[in-house]
Structures are given as C-alpha cells and as structure tokens.
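Pasted below: entry-v2.pdb, PDB, C-alpha atoms.
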```
ATOM      1  CA  MET F  11      64.503 -94.580 138.731
ATOM      2  CA  ALA F  12      67.046 -93.670 141.392
ATOM      3  CA  ASP F  13      67.466 -89.987 142.127
ATOM      4  CA  LYS F  14      70.857 -90.353 143.794
ATOM      5  CA  VAL F  15      74.047 -92.386 143.630
ATOM      6  CA  CYS F  16      75.840 -93.708 146.685
ATOM      7  CA  LEU F  17      79.552 -92.895 146.422
ATOM      8  CA  GLN F  18      81.436 -95.654 148.202
ATOM      9  CA  PRO F  19      85.132 -94.846 148.542
ATOM     10  CA  CYS F  20      88.155 -96.860 149.450
ATOM     11  CA  LEU F  21      88.910 -95.685 152.972
ATOM     12  CA  GLY F  22      92.506 -96.774 153.006
ATOM     13  CA  LEU F  23      95.494 -94.674 153.942
ATOM     14  CA  ARG F  24      97.438 -94.477 150.683
ATOM     15  CA  LYS F  25      97.455 -91.352 148.551
ATOM     16  CA  GLU F  26      95.178 -93.003 145.994
ATOM     17  CA  ALA F  27      92.571 -93.366 148.756
ATOM     18  CA  VAL F  28      93.007 -89.764 149.869
ATOM     19  CA  LEU F  29      92.662 -88.572 146.288
ATOM     20  CA  CYS F  30      89.456 -90.593 145.990
ATOM     21  CA  ARG F  31      87.868 -89.293 149.153
ATOM     22  CA  GLN F  32      88.761 -85.680 148.368
ATOM     23  CA  ALA F  33      87.264 -86.054 144.899
ATOM     24  CA  PHE F  34      84.133 -87.468 146.512
ATOM     25  CA  TYR F  35      83.770 -84.390 148.712
ATOM     26  CA  VAL F  36      84.012 -82.186 145.610
ATOM     27  CA  VAL F  37      81.389 -84.256 143.784
ATOM     28  CA  HIS F  38      79.055 -84.492 146.773
ATOM     29  CA  GLU F  39      79.291 -80.855 147.839
ATOM     30  CA  ASP F  40      79.957 -79.016 144.568
ATOM     31  CA  LEU F  41      79.495 -80.900 141.313
ATOM     32  CA  ARG F  42      76.536 -83.177 142.081
ATOM     33  CA  ALA F  43      75.096 -81.832 145.304
ATOM     34  CA  GLY F  44      71.711 -83.405 145.970
ATOM     35  CA  LYS F  45      72.377 -86.247 143.555
ATOM     36  CA  THR F  46      74.867 -88.195 145.666
ATOM     37  CA  GLU F  47      75.324 -89.614 149.150
ATOM     38  CA  LEU F  48      78.670 -90.397 150.760
ATOM     39  CA  GLY F  49      78.822 -94.014 151.865
ATOM     40  CA  CYS F  50      80.972 -94.432 154.949
ATOM     41  CA  GLY F  51      82.707 -97.831 154.929
ATOM     42  CA  PRO F  52      83.251 -98.341 158.663
ATOM     43  CA  ALA F  53      79.700 -97.167 159.388
ATOM     44  CA  LEU F  54      78.311 -99.556 156.777
ATOM     45  CA  ASN F  55      80.346-102.346 158.320
ATOM     46  CA  ALA F  56      78.971-101.434 161.746
ATOM     47  CA  ASN F  57      75.407-101.576 160.365
ATOM     48  CA  VAL F  58      74.671 -97.881 160.829
ATOM     49  CA  GLN F  59      71.163 -97.606 159.403
ATOM     50  CA  GLU F  60      71.827 -94.551 157.233
ATOM     51  CA  ASP F  61      74.630 -96.335 155.421
ATOM     52  CA  LEU F  62      72.632 -99.534 155.013
ATOM     53  CA  ASP F  63      69.849 -97.400 153.517
ATOM     54  CA  PHE F  64      72.212 -95.732 151.048
ATOM     55  CA  ILE F  65      73.280 -99.036 149.475
ATOM     56  CA  ALA F  66      69.701-100.349 149.544
ATOM     57  CA  MET F  67      68.122 -97.277 147.928
ATOM     58  CA  TYR F  68      70.714 -96.060 145.456
ATOM     59  CA  PRO F  69      73.056 -97.524 142.860
ATOM     60  CA  VAL F  70      76.553 -97.732 144.334
ATOM     61  CA  LEU F  71      79.605 -96.306 142.618
ATOM     62  CA  ALA F  72      82.667 -97.835 144.288
ATOM     63  CA  VAL F  73      85.974 -96.113 143.678
ATOM     64  CA  GLU F  74      88.907 -98.235 144.752
ATOM     65  CA  ALA F  75      92.499 -97.259 145.505
ATOM     66  CA  CYS F  76      93.883-100.660 144.546
ATOM     67  CA  ASP F  77      92.881-104.069 143.250
ATOM     68  CA  LEU F  78      91.854-105.342 146.679
ATOM     69  CA  ASP F  79      88.509-103.669 145.911
ATOM     70  CA  CYS F  80      87.616-103.300 149.606
ATOM     71  CA  ALA F  81      84.702-100.912 149.063
ATOM     72  CA  THR F  82      83.086-103.231 146.527
ATOM     73  CA  ARG F  83      83.650-106.252 148.762
ATOM     74  CA  LEU F  84      82.181-104.451 151.751
ATOM     75  CA  VAL F  85      79.001-103.724 149.799
ATOM     76  CA  ASP F  86      78.929-107.439 148.855
ATOM     77  CA  LYS F  87      79.361-108.337 152.519
ATOM     78  CA  LYS F  88      76.189-106.405 153.279
ATOM     79  CA  GLY F  89      74.223-108.296 150.642
ATOM     80  CA  LYS F  90      74.228-105.739 147.823
ATOM     81  CA  GLN F  91      76.288-105.274 144.663
ATOM     82  CA  ALA F  92      78.034-102.146 143.470
ATOM     83  CA  ALA F  93      76.531-100.927 140.213
ATOM     84  CA  ARG F  94      79.992 -99.936 139.048
ATOM     85  CA  THR F  95      83.525-100.320 140.371
ATOM     86  CA  VAL F  96      86.424 -98.230 139.109
ATOM     87  CA  ARG F  97      90.002 -97.944 140.369
ATOM     88  CA  VAL F  98      91.974 -94.765 140.956
ATOM     89  CA  PRO F  99      95.248 -95.948 139.335
ATOM     90  CA  GLU F 100      93.447 -96.786 136.085
ATOM     91  CA  MET F 101      91.406 -93.581 136.151
ATOM     92  CA  ALA F 102      94.547 -91.578 136.862
ATOM     93  CA  LYS F 103      96.221 -93.080 133.815
ATOM     94  CA  GLU F 104      93.184 -92.354 131.653
ATOM     95  CA  LEU F 105      92.935 -88.778 132.936
ATOM     96  CA  GLY F 106      96.648 -87.958 132.851
ATOM     97  CA  ILE F 107      96.954 -87.581 136.635
ATOM     98  CA  ASN F 108     100.509 -88.107 137.849
ATOM     99  CA  LEU F 109     100.106 -90.046 141.103
ATOM    100  CA  ASP F 110     103.853 -89.805 141.786
ATOM    101  CA  SER F 111     103.484 -86.056 142.285
ATOM    102  CA  LEU F 112     100.975 -86.452 145.126
ATOM    103  CA  PRO F 113     102.056 -86.593 148.781
ATOM    104  CA  GLU F 114     101.895 -89.834 150.767
ATOM    105  CA  GLY F 115     100.652 -89.663 154.347
ATOM    106  CA  ASP F 116      99.085 -86.230 154.122
ATOM    107  CA  ASN F 117      95.941 -84.484 153.001
ATOM    108  CA  ILE F 118      95.469 -83.380 149.409
ATOM    109  CA  SER F 119      93.726 -80.051 148.922
ATOM    110  CA  PRO F 120      90.293 -80.235 147.298
ATOM    111  CA  ASP F 121      91.536 -77.507 144.952
ATOM    112  CA  HIS F 122      94.420 -79.647 143.728
ATOM    113  CA  PRO F 123      94.116 -80.207 139.961
ATOM    114  CA  ALA F 124      94.293 -83.987 140.441
ATOM    115  CA  VAL F 125      91.322 -83.891 142.814
ATOM    116  CA  GLN F 126      89.320 -81.628 140.514
ATOM    117  CA  THR F 127      90.080 -83.770 137.458
ATOM    118  CA  LEU F 128      89.115 -86.998 139.206
ATOM    119  CA  ALA F 129      85.990 -85.361 140.638
ATOM    120  CA  LYS F 130      84.805 -84.301 137.171
ATOM    121  CA  ARG F 131      85.190 -87.881 135.937
ATOM    122  CA  VAL F 132      83.356 -89.257 138.977
ATOM    123  CA  ALA F 133      80.539 -86.747 138.340
ATOM    124  CA  GLU F 134      80.245 -88.091 134.785
ATOM    125  CA  LEU F 135      80.015 -91.630 136.149
ATOM    126  CA  VAL F 136      77.257 -90.472 138.513
ATOM    127  CA  ASP F 137      75.332 -89.085 135.533
ATOM    128  CA  GLU F 138      75.783 -92.355 133.662
ATOM    129  CA  LEU F 139      74.468 -94.384 136.592
ATOM    130  CA  LEU F 140      71.490 -92.086 137.079
ATOM    131  CA  ALA F 141      70.653 -92.285 133.385
ATOM    132  CA  ALA F 142      70.893 -96.072 133.450
ATOM    133  CA  SER F 143      68.883 -96.614 136.611
TER     134      SER F 143
ATOM    135  CA  MET D 232     115.907-109.691 176.094
ATOM    136  CA  ALA D 233     113.733-106.646 175.639
ATOM    137  CA  GLU D 234     115.782-105.200 172.757
ATOM    138  CA  GLU D 235     115.204-108.367 170.720
ATOM    139  CA  GLN D 236     111.420-108.029 170.881
ATOM    140  CA  ASP D 237     109.290-106.431 168.193
ATOM    141  CA  PHE D 238     107.492-103.844 170.284
ATOM    142  CA  LYS D 239     104.894-102.178 168.109
ATOM    143  CA  VAL D 240     101.342-100.967 168.493
ATOM    144  CA  ALA D 241      98.712-101.268 165.756
ATOM    145  CA  VAL D 242      96.571 -98.151 165.383
ATOM    146  CA  LEU D 243      93.065 -98.467 163.986
ATOM    147  CA  SER D 244      91.249 -95.217 163.346
ATOM    148  CA  CYS D 245      87.772 -95.390 161.845
ATOM    149  CA  ASN D 246      88.842 -93.413 158.737
ATOM    150  CA  GLY D 247      85.262 -92.711 157.796
ATOM    151  CA  ILE D 248      84.191 -90.041 155.337
ATOM    152  CA  GLY D 249      80.901 -88.571 156.454
ATOM    153  CA  ARG D 250      81.865 -86.262 159.267
ATOM    154  CA  LEU D 251      84.439 -83.687 160.258
ATOM    155  CA  VAL D 252      85.940 -86.163 162.708
ATOM    156  CA  SER D 253      86.548 -88.555 159.810
ATOM    157  CA  THR D 254      89.164 -86.132 158.533
ATOM    158  CA  VAL D 255      90.480 -85.486 162.034
ATOM    159  CA  VAL D 256      91.159 -89.158 162.798
ATOM    160  CA  ARG D 257      92.692 -89.830 159.394
ATOM    161  CA  LEU D 258      95.117 -86.930 159.722
ATOM    162  CA  ALA D 259      95.809 -87.874 163.342
ATOM    163  CA  GLY D 260      96.798 -91.343 162.126
ATOM    164  CA  TYR D 261      99.407 -89.866 159.795
ATOM    165  CA  LYS D 262     100.660 -87.605 162.577
ATOM    166  CA  ILE D 263     100.942 -90.546 165.005
ATOM    167  CA  LYS D 264     103.011 -92.453 162.448
ATOM    168  CA  GLN D 265     105.292 -89.418 162.054
ATOM    169  CA  MET D 266     105.710 -89.152 165.820
ATOM    170  CA  ARG D 267     106.416 -92.866 166.399
ATOM    171  CA  PRO D 268     107.594 -94.175 163.005
ATOM    172  CA  ASP D 269     109.295 -97.293 164.376
ATOM    173  CA  THR D 270     106.625 -98.411 166.795
ATOM    174  CA  VAL D 271     103.347 -97.719 165.013
ATOM    175  CA  VAL D 272     101.604 -99.845 162.402
ATOM    176  CA  LEU D 273      98.644 -98.008 160.845
ATOM    177  CA  LEU D 274      95.746-100.288 159.978
ATOM    178  CA  SER D 275      93.208 -99.613 157.249
ATOM    179  CA  SER D 276      89.601 -99.934 158.348
ATOM    180  CA  GLY D 277      88.615-100.708 154.757
ATOM    181  CA  ARG D 278      90.938-103.696 154.542
ATOM    182  CA  LEU D 279      89.926-104.999 157.939
ATOM    183  CA  ALA D 280      86.239-104.685 157.140
ATOM    184  CA  VAL D 281      86.727-107.268 154.390
ATOM    185  CA  ALA D 282      89.150-109.304 156.529
ATOM    186  CA  GLU D 283      92.118-108.850 154.206
ATOM    187  CA  PRO D 284      94.529-111.517 155.550
ATOM    188  CA  GLU D 285      97.712-109.418 155.815
ATOM    189  CA  HIS D 286      95.895-106.750 157.797
ATOM    190  CA  VAL D 287      94.104-109.236 160.014
ATOM    191  CA  GLU D 288      97.478-110.796 160.808
ATOM    192  CA  MET D 289      98.856-107.408 161.903
ATOM    193  CA  LEU D 290      95.743-106.785 163.981
ATOM    194  CA  ARG D 291      96.265-110.091 165.767
ATOM    195  CA  LYS D 292     100.035-109.682 166.170
ATOM    196  CA  TYR D 293     100.248-106.319 167.904
ATOM    197  CA  PRO D 294      98.500-104.633 170.821
ATOM    198  CA  LEU D 295      95.766-102.402 169.438
ATOM    199  CA  LEU D 296      94.932 -98.737 169.917
ATOM    200  CA  VAL D 297      91.482 -97.877 168.584
ATOM    201  CA  ILE D 298      90.499 -94.320 167.666
ATOM    202  CA  ASP D 299      86.774 -93.727 167.218
ATOM    203  CA  GLY D 300      85.648 -90.567 165.512
ATOM    204  CA  CYS D 301      81.938 -90.466 166.160
ATOM    205  CA  ARG D 302      79.093 -92.058 168.121
ATOM    206  CA  PRO D 303      78.675 -95.415 166.383
ATOM    207  CA  HIS D 304      82.268 -96.213 167.454
ATOM    208  CA  CYS D 305      82.858 -98.030 164.171
ATOM    209  CA  ALA D 306      86.560 -98.775 164.762
ATOM    210  CA  SER D 307      85.663-100.441 168.070
ATOM    211  CA  PHE D 308      82.929-102.400 166.297
ATOM    212  CA  LEU D 309      85.467-103.586 163.722
ATOM    213  CA  ALA D 310      87.971-104.712 166.353
ATOM    214  CA  ASP D 311      85.214-106.539 168.196
ATOM    215  CA  GLU D 312      83.984-108.157 164.996
ATOM    216  CA  LEU D 313      87.467-109.556 164.422
ATOM    217  CA  GLY D 314      87.793-110.738 168.000
ATOM    218  CA  LYS D 315      90.510-108.307 169.083
ATOM    219  CA  LYS D 316      90.331-106.610 172.461
ATOM    220  CA  PRO D 317      91.975-103.175 172.264
ATOM    221  CA  ALA D 318      94.802-102.344 174.646
ATOM    222  CA  ALA D 319      93.651 -98.724 174.556
ATOM    223  CA  LYS D 320      90.822 -96.644 173.117
ATOM    224  CA  ILE D 321      90.445 -92.986 172.254
ATOM    225  CA  TYR D 322      87.187 -91.210 171.478
ATOM    226  CA  VAL D 323      87.694 -87.894 169.715
ATOM    227  CA  ALA D 324      84.932 -86.116 171.640
ATOM    228  CA  ASP D 325      86.756 -86.895 174.910
ATOM    229  CA  VAL D 326      89.956 -85.363 173.567
ATOM    230  CA  MET D 327      88.043 -82.343 172.346
ATOM    231  CA  ALA D 328      86.490 -81.817 175.764
ATOM    232  CA  GLU D 329      89.739 -82.381 177.671
ATOM    233  CA  ASN D 330      91.520 -79.801 175.536
ATOM    234  CA  LYS D 331      88.596 -77.354 175.260
ATOM    235  CA  ILE D 332      88.934 -77.281 171.490
ATOM    236  CA  ASN D 333      86.078 -75.807 169.477
ATOM    237  CA  VAL D 334      85.922 -76.940 165.865
ATOM    238  CA  ALA D 335      82.657 -75.235 164.938
ATOM    239  CA  GLY D 336      82.758 -74.035 161.352
ATOM    240  CA  GLU D 337      85.462 -76.466 160.256
ATOM    241  CA  LYS D 338      85.018 -78.339 156.966
ATOM    242  CA  ARG D 339      85.731 -82.050 156.548
ATOM    243  CA  ARG D 340      87.371 -81.607 153.147
ATOM    244  CA  GLU D 341      90.173 -79.374 154.465
ATOM    245  CA  LEU D 342      90.909 -78.375 158.042
ATOM    246  CA  THR D 343      92.069 -74.962 159.142
ATOM    247  CA  GLU D 344      94.225 -74.215 162.190
ATOM    248  CA  LYS D 345      91.306 -74.980 164.551
ATOM    249  CA  GLY D 346      90.819 -78.459 163.153
ATOM    250  CA  GLN D 347      94.560 -79.065 163.100
ATOM    251  CA  ARG D 348      94.669 -78.331 166.837
ATOM    252  CA  LEU D 349      92.277 -81.215 167.393
ATOM    253  CA  VAL D 350      94.385 -83.439 165.115
ATOM    254  CA  GLU D 351      97.464 -82.575 167.194
ATOM    255  CA  ALA D 352      95.615 -83.232 170.456
ATOM    256  CA  VAL D 353      94.351 -86.631 169.284
ATOM    257  CA  ALA D 354      97.854 -87.547 168.089
ATOM    258  CA  ARG D 355      99.429 -86.495 171.408
ATOM    259  CA  LYS D 356      96.887 -88.522 173.361
ATOM    260  CA  ALA D 357      97.478 -91.503 171.086
ATOM    261  CA  VAL D 358     101.246 -91.321 171.509
ATOM    262  CA  GLU D 359     100.822 -91.258 175.307
ATOM    263  CA  GLU D 360      98.742 -94.415 175.066
ATOM    264  CA  ILE D 361     101.182 -96.044 172.633
ATOM    265  CA  ASP D 362     104.137 -95.345 174.924
ATOM    266  CA  ARG D 363     102.220 -96.764 177.882
ATOM    267  CA  VAL D 364     101.195 -99.906 176.007
ATOM    268  CA  ILE D 365     104.765-100.521 174.826
ATOM    269  CA  ALA D 366     106.151 -99.959 178.328
ATOM    270  CA  ASP D 367     103.632-102.424 179.668
ATOM    271  CA  GLU D 368     104.525-104.990 176.987
ATOM    272  CA  MET D 369     108.245-104.485 177.569
ATOM    273  CA  LEU D 370     108.010-104.858 181.331
ATOM    274  CA  SER D 371     105.955-108.002 180.955
ATOM    275  CA  THR D 372     108.923-109.651 179.214
ATOM    276  CA  LEU D 373     111.569-108.791 181.836
TER     277      LEU D 373
END
```
structure tokens encoding of this file:
Amino acid sequence: MADKVCLQPCLGLRKEAVLCRQAFYVVHEDLRAGKTELGCGPALNANVQEDLDFIAMYPVLAVEACDLDCATRLVDKKGKQAARTVRVPEMAKELGINLDSLPEGDNISPDHPAVQTLAKRVAELVDELLAAS
Amino acid sequence: MAEEQDFKVAVLSCNGIGRLVSTVVRLAGYKIKQMRPDTVVLLSSGRLAVAEPEHVEMLRKYPLLVIDGCRPHCASFLADELGKKPAAKIYVADVMAENKINVAGEKRRELTEKGQRLVEAVARKAVEEIDRVIADEMLSTL
C-alpha cells in the first residue's frame, strides 16, 4: 500500500495551470502534508532521480490544464502510467469555479477561494488513491 | 528589408514546481512578456517535454532564450533534447549573485517584495539578452 501520492501538475502558463499548481502547494503543504510529493515535470523529463522515484514509488495524480494532457503524457514517456488524470476546466465546472474571473499571466494567491476549492477536491482525490492503492 | 522580418525570441523557462526558483522563473516569464509583448513568445516546458507539434515548431522557428531555475538546468536539458541550441541562457543563481539579492525566507507559493525583486532582476536580464539577440538577427539580414 502506497503511503503517498505523487501530484503531477500541468506546468503550462495559462491560468488553469497556475490554479492547478497553487492548489497543489495548498494540498502538499497544508491539507495533505506528508501524504503527497510534488512531481516536477521538467525535472522528471531531465531524469532527476527524485522525480523518477516519485512516479516509481507512488500512484500519480495528474491534473491537467487542458486536453493536451502533457503531465500524463510525460509520465507515460518515462515508462509509468498516471493512476488518475483529471482536468482543471472540468473540475472547475463541477466545483462552481468561475475561470473567467481569474487573471491570465499572473500569480493567483493560495488564499483565493478558487485555489482553496480546487485544493480540497484534489485532497479528496489523494485520499481516494491512497485508499485504493 | 528588416521591417518585413518576424523578429521574435522564444523564451523557455523551466516552470518547475518544487523550488522557490520555480515560482521566480514563471513570474519572470510573465514579466518578460509584459516588457516585450511584440517580440517574445513564451514556451511551455510541459508542452515541449511531450513534443507538442505547435510548440516544437515555435522552438525551431525563433532564436531561443533559456532560463534555468535550479541546478539540474532542466530547461537547457529540454532544449538540448529537442536539438535546439539556445542563443542565450540565464541561470537564476547568477542573477541573484550579480544583484546581491537575498531571498531567504521566501515561500514558493507566494512571493513577497524580496522575491519580486529577483523576478524583476531576472526579467531585466532576460530583456537585455532578448534585445541583443534581436539586434544580432536584424543586423545579419542587412
């Protein structure tokens, strides 16, 4: 049974990607500290051992900003499969987050309600993956 | 004629997530785009890592400025993997040392004024490099 989940974010530049990464910080540092690792896409691509270990040791939750699914495909490229892939636009719709209200090309505060709402949902997905592993 | 050319520079920052510099380079990328909106194309490391065709085409089309946040130099690795030699490179630690900026105590999830100073310094350095690369490209056509 895995004791952690690897959070693999889209590392794009659009606001959906920023929302995702900020939610990941909240999950990793506040909501599920000790039960998650942050998977860094460029480091994984560059074969940084820590990031290779994360996808080898833990189930991967990939959260994508769009349907290109780059985080999921990167994990595939390294010979593993994400345990679950979800997309920010669909989660936002489900959670009532208005993406139009978020800034493009800027940071989004971790205290922003959209970040907190998404983070709570991601934390639930972490629990589901841990329970299933 | 020079004015008929499409003089742009592609900027590839690592855009990682694990470290403070991940946030610094991402925010610097946005700042660079604000400072040179007509001459900068921001590239996504995520898309390039999976060789998304539209992004790979932009990487190949324009001279490249690489911004590496931390020691593995992942943005440089990515450019090399795709066979692109950068026209210029920036390493955040160099900028930090040149400008004597101390970011101890900063948090990756949200920068304060200290972290923003490093963002500004990286963006300024990048714009200097971008202007130089474009001047070099322009002169090579005359």
What's the 10 Å shell around D:Ile361, counting only C-alpha atoms, without same-chain residues fewer than 3 positions away, as a PDB file with C-alpha atoms, in the frame of the given file?
```
ATOM      1  CA  LYS D 239     104.894-102.178 168.109  1.00  0.00           C
ATOM      2  CA  VAL D 240     101.342-100.967 168.493  1.00  0.00           C
ATOM      3  CA  ALA D 241      98.712-101.268 165.756  1.00  0.00           C
ATOM      4  CA  VAL D 242      96.571 -98.151 165.383  1.00  0.00           C
ATOM      5  CA  ILE D 263     100.942 -90.546 165.005  1.00  0.00           C
ATOM      6  CA  ARG D 267     106.416 -92.866 166.399  1.00  0.00           C
ATOM      7  CA  THR D 270     106.625 -98.411 166.795  1.00  0.00           C
ATOM      8  CA  VAL D 271     103.347 -97.719 165.013  1.00  0.00           C
ATOM      9  CA  PRO D 294      98.500-104.633 170.821  1.00  0.00           C
ATOM     10  CA  LEU D 295      95.766-102.402 169.438  1.00  0.00           C
ATOM     11  CA  LEU D 296      94.932 -98.737 169.917  1.00  0.00           C
ATOM     12  CA  ALA D 318      94.802-102.344 174.646  1.00  0.00           C
ATOM     13  CA  ALA D 319      93.651 -98.724 174.556  1.00  0.00           C
ATOM     14  CA  ARG D 355      99.429 -86.495 171.408  1.00  0.00           C
ATOM     15  CA  LYS D 356      96.887 -88.522 173.361  1.00  0.00           C
ATOM     16  CA  ALA D 357      97.478 -91.503 171.086  1.00  0.00           C
ATOM     17  CA  VAL D 358     101.246 -91.321 171.509  1.00  0.00           C
ATOM     18  CA  VAL D 364     101.195 -99.906 176.007  1.00  0.00           C
ATOM     19  CA  ILE D 365     104.765-100.521 174.826  1.00  0.00           C
ATOM     20  CA  ALA D 366     106.151 -99.959 178.328  1.00  0.00           C
ATOM     21  CA  ASP D 367     103.632-102.424 179.668  1.00  0.00           C
TER      22      ASP D 367
END
```
Which residue is closest to D:Leu313? Choose from F:Tyr35, F:Asn55, F:Arg24, F:Leu128 and count all atoms listed in the file.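 For D:Leu313, the nearest of the candidates is F:Asn55.
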Please, which residues in chain D fall within 6 Å of chain F when counting all atoms listed in the file, and what is the closest atom pair and distance in Å to one decimal for each, ordered by chain then residue number, as a tab-separated table?
```
residue	atom	partner	partner_atom	distance
D:Gly247	CA	F:Cys50	CA	5.4
D:Ile248	CA	F:Cys50	CA	5.5
D:Tyr261	CA	F:Gly115	CA	5.6
D:Ser275	CA	F:Gly22	CA	5.2
D:Gly277	CA	F:Leu21	CA	5.3
D:Arg278	CA	F:Cys80	CA	6.0
D:Val281	CA	F:Leu84	CA	6.0
D:Cys305	CA	F:Pro52	CA	5.5
```
TODO: Within 8 Å of D:Val334, counting all atoms listed in the file, which residues show up once you throw out same-chain ones fewer than 5 positions away? Write them as number ranges by chain, please.
DONE: D: 345-346, 349
So that I can check the surroundings of F:Leu139, please list as a list in words every protein, DNA and RNA residue that reaches within 12 Å of it, counting all atoms listed in the file and ignoring chain neighbours fewer than 3 positions away.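 Using all atoms listed in the file, the neighbours found are Met11, Ala12, Asp13, Lys14, Val15, Cys16, Leu17, Lys45, Thr46, Tyr68, Pro69, Val70, Leu71, Ala72, Ala92, Ala93, Arg94, Thr95, Val132, Ala133, Glu134, Leu135, Val136, Ala142 and Ser143 of chain F.
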Exercise. Can you pull out every residue within 8 Å of stretch 98-112 of chain F, counting all atoms listed in the file, but drop anything in the same chain fewer than 4 positions away, and send it as a ChimeraX atom specification?
Key: /F:25-27,30,73-76,118,124,127-128
re atom CA of D:Lys320 and atom CA of D:Lys292: distance 17.4 Å
If the PyMOL selection byres ((chain D and resi 322-328) around 12) were run on this exact file, what residues would it hold? Put them as a ChimeraX atom specification. /D:243-245,251-257,259,296-307,319-321,329-335,345-357
Some atoms are absent from stretch 21-29 of chain F, so rebuild all heavy atoms and return them as a PDB file, in the frame of the given file.
```pdb
ATOM      1  N   LEU F  21      88.571 -96.511 151.809  1.00  0.00           N
ATOM      2  CA  LEU F  21      88.910 -95.685 152.972  1.00  0.00           C
ATOM      3  C   LEU F  21      90.268 -96.078 153.528  1.00  0.00           C
ATOM      4  O   LEU F  21      90.513 -96.062 154.730  1.00  0.00           O
ATOM      5  CB  LEU F  21      87.820 -95.788 154.028  1.00  0.00           C
ATOM      6  CG  LEU F  21      86.505 -95.137 153.588  1.00  0.00           C
ATOM      7  CD1 LEU F  21      85.398 -95.449 154.562  1.00  0.00           C
ATOM      8  CD2 LEU F  21      86.656 -93.646 153.429  1.00  0.00           C
ATOM      9  N   GLY F  22      91.143 -96.434 152.617  1.00  0.00           N
ATOM     10  CA  GLY F  22      92.506 -96.774 153.006  1.00  0.00           C
ATOM     11  C   GLY F  22      93.320 -95.539 153.335  1.00  0.00           C
ATOM     12  O   GLY F  22      92.798 -94.422 153.424  1.00  0.00           O
ATOM     13  N   LEU F  23      94.614 -95.745 153.467  1.00  0.00           N
ATOM     14  CA  LEU F  23      95.494 -94.674 153.942  1.00  0.00           C
ATOM     15  C   LEU F  23      96.430 -94.160 152.859  1.00  0.00           C
ATOM     16  O   LEU F  23      97.084 -93.143 153.037  1.00  0.00           O
ATOM     17  CB  LEU F  23      96.316 -95.197 155.126  1.00  0.00           C
ATOM     18  CG  LEU F  23      95.464 -95.617 156.330  1.00  0.00           C
ATOM     19  CD1 LEU F  23      96.224 -96.565 157.237  1.00  0.00           C
ATOM     20  CD2 LEU F  23      95.019 -94.389 157.092  1.00  0.00           C
ATOM     21  N   ARG F  24      96.504 -94.882 151.740  1.00  0.00           N
ATOM     22  CA  ARG F  24      97.438 -94.477 150.683  1.00  0.00           C
ATOM     23  C   ARG F  24      96.924 -93.239 149.959  1.00  0.00           C
ATOM     24  O   ARG F  24      95.741 -92.907 150.028  1.00  0.00           O
ATOM     25  CB  ARG F  24      97.596 -95.619 149.691  1.00  0.00           C
ATOM     26  CG  ARG F  24      98.271 -96.834 150.293  1.00  0.00           C
ATOM     27  CD  ARG F  24      97.938 -98.107 149.583  1.00  0.00           C
ATOM     28  NE  ARG F  24      97.958 -97.973 148.136  1.00  0.00           N
ATOM     29  CZ  ARG F  24      98.093 -99.013 147.314  1.00  0.00           C
ATOM     30  NH1 ARG F  24      98.210-100.227 147.787  1.00  0.00           N
ATOM     31  NH2 ARG F  24      98.087 -98.837 146.017  1.00  0.00           N
ATOM     32  N   LYS F  25      97.840 -92.595 149.223  1.00  0.00           N
ATOM     33  CA  LYS F  25      97.455 -91.352 148.551  1.00  0.00           C
ATOM     34  C   LYS F  25      96.327 -91.548 147.541  1.00  0.00           C
ATOM     35  O   LYS F  25      95.514 -90.656 147.331  1.00  0.00           O
ATOM     36  CB  LYS F  25      98.660 -90.708 147.884  1.00  0.00           C
ATOM     37  CG  LYS F  25      99.382 -91.561 146.863  1.00  0.00           C
ATOM     38  CD  LYS F  25     100.633 -90.832 146.409  1.00  0.00           C
ATOM     39  CE  LYS F  25     101.549 -91.720 145.622  1.00  0.00           C
ATOM     40  NZ  LYS F  25     102.818 -91.043 145.329  1.00  0.00           N
ATOM     41  N   GLU F  26      96.267 -92.745 146.940  1.00  0.00           N
ATOM     42  CA  GLU F  26      95.178 -93.003 145.994  1.00  0.00           C
ATOM     43  C   GLU F  26      93.820 -92.925 146.716  1.00  0.00           C
ATOM     44  O   GLU F  26      92.827 -92.464 146.151  1.00  0.00           O
ATOM     45  CB  GLU F  26      95.341 -94.388 145.361  1.00  0.00           C
ATOM     46  CG  GLU F  26      96.523 -94.527 144.412  1.00  0.00           C
ATOM     47  CD  GLU F  26      97.816 -94.903 145.124  1.00  0.00           C
ATOM     48  OE1 GLU F  26      97.866 -94.866 146.373  1.00  0.00           O
ATOM     49  OE2 GLU F  26      98.788 -95.233 144.421  1.00  0.00           O
ATOM     50  N   ALA F  27      93.808 -93.408 147.971  1.00  0.00           N
ATOM     51  CA  ALA F  27      92.571 -93.366 148.756  1.00  0.00           C
ATOM     52  C   ALA F  27      92.232 -91.930 149.153  1.00  0.00           C
ATOM     53  O   ALA F  27      91.059 -91.533 149.146  1.00  0.00           O
ATOM     54  CB  ALA F  27      92.713 -94.241 149.999  1.00  0.00           C
ATOM     55  N   VAL F  28      93.243 -91.169 149.501  1.00  0.00           N
ATOM     56  CA  VAL F  28      93.007 -89.764 149.869  1.00  0.00           C
ATOM     57  C   VAL F  28      92.496 -88.983 148.662  1.00  0.00           C
ATOM     58  O   VAL F  28      91.540 -88.195 148.766  1.00  0.00           O
ATOM     59  CB  VAL F  28      94.304 -89.116 150.423  1.00  0.00           C
ATOM     60  CG1 VAL F  28      94.063 -87.649 150.767  1.00  0.00           C
ATOM     61  CG2 VAL F  28      94.795 -89.872 151.646  1.00  0.00           C
ATOM     62  N   LEU F  29      93.105 -89.226 147.528  1.00  0.00           N
ATOM     63  CA  LEU F  29      92.662 -88.572 146.288  1.00  0.00           C
ATOM     64  C   LEU F  29      91.190 -88.896 146.020  1.00  0.00           C
ATOM     65  O   LEU F  29      90.389 -88.011 145.685  1.00  0.00           O
ATOM     66  CB  LEU F  29      93.545 -89.050 145.122  1.00  0.00           C
ATOM     67  CG  LEU F  29      93.213 -88.542 143.725  1.00  0.00           C
ATOM     68  CD1 LEU F  29      93.299 -87.025 143.652  1.00  0.00           C
ATOM     69  CD2 LEU F  29      94.146 -89.172 142.685  1.00  0.00           C
TER      70      LEU F  29
END
```
